[in-house]
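Visitor: Take a look at entry-v5.pdb, PDB, C-alpha atoms:
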```pdb
ATOM      1  CA  MET K1309      80.355  96.174  73.430
ATOM      2  CA  THR K1310      79.996  98.103  76.679
ATOM      3  CA  GLU K1311      83.098  99.568  78.242
ATOM      4  CA  ARG K1312      82.113  98.576  81.748
ATOM      5  CA  ALA K1313      80.169  95.672  83.131
ATOM      6  CA  GLY K1314      79.545  96.388  86.793
ATOM      7  CA  ASN K1315      82.923  97.299  88.258
ATOM      8  CA  ARG K1316      84.896  95.150  85.827
ATOM      9  CA  LEU K1317      86.741  96.674  82.931
ATOM     10  CA  SER K1318      86.016  95.128  79.582
ATOM     11  CA  LYS K1319      88.001  97.715  77.626
ATOM     12  CA  ILE K1320      91.640  98.000  78.689
ATOM     13  CA  VAL K1321      92.916 100.740  76.344
ATOM     14  CA  THR K1322      90.902 103.828  77.296
ATOM     15  CA  ARG K1323      93.390 106.635  76.494
ATOM     16  CA  THR K1324      92.066 108.534  79.545
ATOM     17  CA  GLY K1325      95.505 108.459  81.186
ATOM     18  CA  ASP K1326      97.464 109.798  78.234
ATOM     19  CA  ALA K1327      97.707 113.257  79.814
ATOM     20  CA  GLY K1328      99.323 111.909  82.994
ATOM     21  CA  THR K1329      96.226 111.475  85.125
ATOM     22  CA  THR K1330      94.345 108.417  86.293
ATOM     23  CA  GLY K1331      90.955 107.727  87.789
ATOM     24  CA  LEU K1332      90.327 106.746  91.382
ATOM     25  CA  GLY K1333      87.557 104.464  92.534
ATOM     26  CA  ASP K1334      85.354 107.387  93.549
ATOM     27  CA  GLY K1335      85.427 108.795  90.008
ATOM     28  CA  SER K1336      87.892 111.593  90.753
ATOM     29  CA  ARG K1337      91.127 111.964  88.812
ATOM     30  CA  THR K1338      94.635 112.501  90.121
ATOM     31  CA  THR K1339      98.098 112.732  88.638
ATOM     32  CA  LYS K1340      99.952 109.499  88.046
ATOM     33  CA  ASP K1341     102.817 110.747  90.233
ATOM     34  CA  SER K1342     100.612 111.596  93.226
ATOM     35  CA  LEU K1343     101.351 110.123  96.649
ATOM     36  CA  ARG K1344      98.172 108.053  96.427
ATOM     37  CA  ILE K1345      99.110 106.509  93.078
ATOM     38  CA  ASP K1346     102.644 105.850  94.371
ATOM     39  CA  ALA K1347     101.167 103.905  97.300
ATOM     40  CA  ILE K1348      98.768 101.992  95.035
ATOM     41  CA  GLY K1349     101.655 101.118  92.715
ATOM     42  CA  GLU K1350     103.832  99.909  95.597
ATOM     43  CA  ILE K1351     101.039  97.622  96.813
ATOM     44  CA  ASP K1352     100.577  96.318  93.263
ATOM     45  CA  GLU K1353     104.321  95.626  92.977
ATOM     46  CA  LEU K1354     104.265  93.838  96.333
ATOM     47  CA  ASN K1355     101.376  91.663  95.197
ATOM     48  CA  SER K1356     103.248  90.871  91.972
ATOM     49  CA  SER K1357     106.405  89.953  93.887
ATOM     50  CA  LEU K1358     104.337  87.555  95.977
ATOM     51  CA  GLY K1359     103.055  86.078  92.721
ATOM     52  CA  VAL K1360     106.656  85.316  91.739
ATOM     53  CA  LEU K1361     107.253  83.672  95.130
ATOM     54  CA  LEU K1362     104.072  81.632  94.682
ATOM     55  CA  ALA K1363     105.475  80.281  91.388
ATOM     56  CA  GLU K1364     108.094  78.441  93.464
ATOM     57  CA  ASP K1365     107.748  75.066  95.158
ATOM     58  CA  ILE K1366     106.799  76.111  98.701
ATOM     59  CA  PRO K1367     105.010  74.363 101.598
ATOM     60  CA  ALA K1368     101.215  74.208 101.252
ATOM     61  CA  ARG K1369     100.581  76.176 104.466
ATOM     62  CA  VAL K1370     102.855  79.018 103.279
ATOM     63  CA  ARG K1371     101.158  78.963  99.864
ATOM     64  CA  ALA K1372      97.711  79.245 101.459
ATOM     65  CA  ALA K1373      98.837  82.115 103.694
ATOM     66  CA  LEU K1374     100.364  84.023 100.778
ATOM     67  CA  LEU K1375      97.257  83.565  98.640
ATOM     68  CA  ASP K1376      95.209  85.081 101.478
ATOM     69  CA  VAL K1377      97.695  87.950 101.631
ATOM     70  CA  GLN K1378      97.338  88.544  97.890
ATOM     71  CA  HIS K1379      93.579  88.934  98.367
ATOM     72  CA  ASP K1380      94.186  91.288 101.299
ATOM     73  CA  LEU K1381      96.542  93.367  99.167
ATOM     74  CA  PHE K1382      93.811  93.733  96.565
ATOM     75  CA  ASP K1383      91.557  94.980  99.391
ATOM     76  CA  LEU K1384      94.294  97.374 100.473
ATOM     77  CA  GLY K1385      94.687  98.642  96.906
ATOM     78  CA  GLY K1386      90.933  99.202  96.829
ATOM     79  CA  GLU K1387      91.121 101.140 100.079
ATOM     80  CA  LEU K1388      93.866 103.333  98.663
ATOM     81  CA  CYS K1389      91.869 103.816  95.455
ATOM     82  CA  LEU K1390      88.828 105.078  97.395
ATOM     83  CA  PRO K1391      89.875 108.068  99.539
ATOM     84  CA  GLY K1392      88.284 107.885 102.987
ATOM     85  CA  MET K1393      87.296 104.212 102.628
ATOM     86  CA  GLU K1394      88.402 101.641 105.220
ATOM     87  CA  ILE K1395      88.426  98.109 103.783
ATOM     88  CA  ILE K1396      91.247  96.410 105.728
ATOM     89  CA  LYS K1397      89.856  95.092 109.016
ATOM     90  CA  ASP K1398      91.410  94.294 112.394
ATOM     91  CA  ALA K1399      90.732  90.603 111.713
ATOM     92  CA  GLN K1400      93.130  90.715 108.751
ATOM     93  CA  VAL K1401      95.851  92.219 110.945
ATOM     94  CA  ALA K1402      95.156  89.611 113.637
ATOM     95  CA  ARG K1403      95.446  86.832 111.029
ATOM     96  CA  LEU K1404      98.926  88.085 110.085
ATOM     97  CA  GLU K1405      99.949  88.231 113.735
ATOM     98  CA  ALA K1406      98.750  84.646 114.236
ATOM     99  CA  LEU K1407     100.701  83.528 111.151
ATOM    100  CA  VAL K1408     103.853  85.204 112.455
ATOM    101  CA  GLU K1409     103.471  83.310 115.734
ATOM    102  CA  GLU K1410     102.675  80.020 113.986
ATOM    103  CA  PHE K1411     105.537  80.169 111.474
ATOM    104  CA  ASN K1412     108.070  81.540 113.967
ATOM    105  CA  HIS K1413     107.267  78.960 116.651
ATOM    106  CA  ASP K1414     109.715  76.270 115.522
ATOM    107  CA  LEU K1415     112.434  78.557 114.191
ATOM    108  CA  PRO K1416     115.580  78.917 116.291
ATOM    109  CA  MET K1417     115.932  82.162 118.206
ATOM    110  CA  LEU K1418     117.924  84.738 116.286
ATOM    111  CA  LYS K1419     121.150  85.817 117.950
ATOM    112  CA  GLU K1420     122.685  87.438 114.871
ATOM    113  CA  PHE K1421     121.579  89.436 111.862
ATOM    114  CA  ILE K1422     120.778  87.434 108.772
ATOM    115  CA  LEU K1423     121.422  88.176 105.120
ATOM    116  CA  PRO K1424     118.592  87.945 102.599
ATOM    117  CA  GLY K1425     119.323  84.795 100.656
ATOM    118  CA  GLY K1426     119.746  81.062 100.869
ATOM    119  CA  THR K1427     117.210  79.170  98.821
ATOM    120  CA  ARG K1428     115.450  80.854  95.911
ATOM    121  CA  PRO K1429     112.056  80.918  97.701
ATOM    122  CA  ALA K1430     113.661  82.419 100.822
ATOM    123  CA  ALA K1431     115.433  85.073  98.748
ATOM    124  CA  LEU K1432     112.129  85.922  97.032
ATOM    125  CA  ALA K1433     110.418  86.227 100.427
ATOM    126  CA  HIS K1434     113.137  88.664 101.514
ATOM    127  CA  LEU K1435     112.758  90.609  98.267
ATOM    128  CA  SER K1436     109.007  90.816  98.877
ATOM    129  CA  ARG K1437     109.765  92.004 102.434
ATOM    130  CA  THR K1438     111.809  94.914 101.081
ATOM    131  CA  VAL K1439     109.084  95.785  98.578
ATOM    132  CA  CYS K1440     106.629  95.666 101.496
ATOM    133  CA  ARG K1441     108.771  98.071 103.532
ATOM    134  CA  ARG K1442     108.900 100.455 100.545
ATOM    135  CA  ALA K1443     105.106 100.229 100.235
ATOM    136  CA  GLU K1444     104.827 101.013 103.940
ATOM    137  CA  ARG K1445     107.019 104.110 103.546
ATOM    138  CA  SER K1446     104.862 105.214 100.637
ATOM    139  CA  MET K1447     101.717 104.778 102.715
ATOM    140  CA  VAL K1448     103.246 106.780 105.581
ATOM    141  CA  ARG K1449     104.086 109.636 103.172
ATOM    142  CA  LEU K1450     100.504 109.550 101.901
ATOM    143  CA  HIS K1451      99.177 109.512 105.482
ATOM    144  CA  HIS K1452     101.075 112.739 106.209
ATOM    145  CA  ALA K1453      99.151 114.390 103.359
ATOM    146  CA  GLU K1454      95.795 112.575 103.638
ATOM    147  CA  ALA K1455      94.476 110.388 106.424
ATOM    148  CA  LEU K1456      94.807 106.636 105.957
ATOM    149  CA  SER K1457      93.319 104.094 108.305
ATOM    150  CA  ASP K1458      95.492 102.920 111.173
ATOM    151  CA  THR K1459      94.428  99.369 110.347
ATOM    152  CA  ALA K1460      95.839  99.566 106.804
ATOM    153  CA  ARG K1461      99.144 100.871 108.123
ATOM    154  CA  ARG K1462      99.293  98.174 110.810
ATOM    155  CA  TYR K1463      98.513  95.509 108.204
ATOM    156  CA  ILE K1464     101.418  96.454 105.952
ATOM    157  CA  ASN K1465     103.780  96.617 108.941
ATOM    158  CA  ARG K1466     102.760  93.134 110.133
ATOM    159  CA  LEU K1467     103.096  91.792 106.601
ATOM    160  CA  SER K1468     106.771  92.748 106.466
ATOM    161  CA  ASP K1469     107.273  90.853 109.745
ATOM    162  CA  LEU K1470     105.571  87.806 108.250
ATOM    163  CA  LEU K1471     107.717  87.957 105.117
ATOM    164  CA  PHE K1472     110.885  88.082 107.244
ATOM    165  CA  ILE K1473     109.749  84.968 109.120
ATOM    166  CA  LEU K1474     108.834  83.258 105.844
ATOM    167  CA  GLY K1475     112.330  83.921 104.487
ATOM    168  CA  ARG K1476     113.725  82.015 107.450
ATOM    169  CA  LEU K1477     111.096  79.278 107.254
ATOM    170  CA  LEU K1478     111.605  78.762 103.517
ATOM    171  CA  ASN K1479     115.353  78.340 104.019
ATOM    172  CA  ARG K1480     114.668  75.593 106.560
ATOM    173  CA  ALA K1481     112.073  73.998 104.282
ATOM    174  CA  GLY K1482     114.733  73.949 101.566
ATOM    175  CA  GLY K1483     117.273  72.250 103.825
ATOM    176  CA  ARG K1484     119.267  75.409 104.585
ATOM    177  CA  GLY K1485     119.717  77.484 107.678
ATOM    178  CA  ASP K1486     119.781  81.237 107.929
ATOM    179  CA  VAL K1487     122.510  83.046 106.027
ATOM    180  CA  LEU K1488     124.291  84.828 108.876
ATOM    181  CA  TRP K1489     125.904  88.240 108.612
ATOM    182  CA  GLN K1490     129.520  88.144 109.755
ATOM    183  CA  LYS K1491     130.635  91.419 111.292
ATOM    184  CA  GLY K1492     133.839  92.702 109.728
ATOM    185  CA  LYS K1493     134.049  89.741 107.348
ATOM    186  CA  ASN K1494     135.755  91.759 104.633
ATOM    187  CA  ALA K1495     137.300  94.499 106.780
ATOM    188  CA  ALA K1496     140.727  92.812 106.903
ATOM    189  CA  ALA K1497     140.852  92.118 103.171
TER     190      ALA K1497
END
```
In structure tokens, write the structure found in this file.
Guide:
Amino acid sequence: MTERAGNRLSKIVTRTGDAGTTGLGDGSRTTKDSLRIDAIGEIDELNSSLGVLLAEDIPARVRAALLDVQHDLFDLGGELCLPGMEIIKDAQVARLEALVEEFNHDLPMLKEFILPGGTRPAALAHLSRTVCRRAERSMVRLHHAEALSDTARRYINRLSDLLFILGRLLNRAGGRGDVLWQKGKNAAA
């Protein structure tokens, strides 16, 4: 049995990472605690959190959008795995911006801060948003050490905006409104 068939792994246990290093897509090795591997791991966690959200009963249009995002995140992980490569395109960023406009169109204007919660799908969208923001911070740290494409950084920023809007939309789809923050709610207690 061959260990590799094209770019697909056929052997999962390789033991090559036992010393605390891992391979990048260009064949080089880096430590598992490097900034690049942190960013790759954050994107992987984000994609997994979206997988949990997709296990819920959500509107078909939201499902389709999130499946596209999962594919984009695989592209982004590939870009991070190949130093100097630019895989995320302006069209992917523009698609997120269009989705934000589409999904936000019928939502009431926000006049107050909202709490992450409500329906289970909305809460999972908010959780994915926070994972997305952490991934963005990780990518910014990496960018300070090694150049990352502006497009990749714009993509992850727009994605957190989309996930915020989806949290609101999924509450409405579930028959709930936004969960509003109440200033000083427990201050008098």
Visitor: Which of these residues is nearest to Pro1416 (chain K), using all atoms listed in the file: K:Leu1332, K:Leu1471, K:Ile1351, K:Leu1477?
Guide: K:Leu1477
Visitor: Set the distance at 6 Å and use all atoms listed in the file: which residues neighbour Gly1475 (chain K) once local chain neighbours fewer than 2 positions away are removed? I'd like the list as a PDB file with C-alpha atoms, in the frame of the given file.
Guide:
```
ATOM      1  CA  ALA K1430     113.661  82.419 100.822  1.00  0.00           C
ATOM      2  CA  ALA K1433     110.418  86.227 100.427  1.00  0.00           C
ATOM      3  CA  HIS K1434     113.137  88.664 101.514  1.00  0.00           C
ATOM      4  CA  PHE K1472     110.885  88.082 107.244  1.00  0.00           C
ATOM      5  CA  ILE K1473     109.749  84.968 109.120  1.00  0.00           C
ATOM      6  CA  LEU K1477     111.096  79.278 107.254  1.00  0.00           C
ATOM      7  CA  LEU K1478     111.605  78.762 103.517  1.00  0.00           C
TER       8      LEU K1478
END
```
Visitor: Apply the PyMOL selection byres ((chain K and resi 1383) around 12) to the structure shown and report the selected residues as a PyMOL selection string.
Guide: chain K and resi 1348+1351-1352+1355+1376-1382+1384-1390+1393-1397+1400+1460+1463-1464
Visitor: Considering only C-alpha atoms, can you say which of K:Arg1480, K:Arg1369, K:Lys1491, K:Lys1340 comes closest to Glu1420 (chain K)?
Guide: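 For Glu1420 (chain K), the nearest of the given residues is K:Lys1491.
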Visitor: From the list K:His1452, K:Arg1441, K:Lys1419, K:His1413, which residue is nearest Leu1467 (chain K) when using only C-alpha atoms?
Guide: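 Smallest separation from Leu1467 (chain K) among the options: K:Arg1441.
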Visitor: May I ask which of the residues K:Ile1345, K:Val1370, K:Met1447, K:Ala1481 is the closest one to Thr1459 (chain K), counting all atoms listed in the file?
Guide: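 With all atoms listed in the file as the atom set, the closest residue is K:Met1447.
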Visitor: May I ask for the distance between CA of Asn1494 (chain K) and CA of Leu1423 (chain K), given in Å to one decimal place?
Guide: 14.8 Å
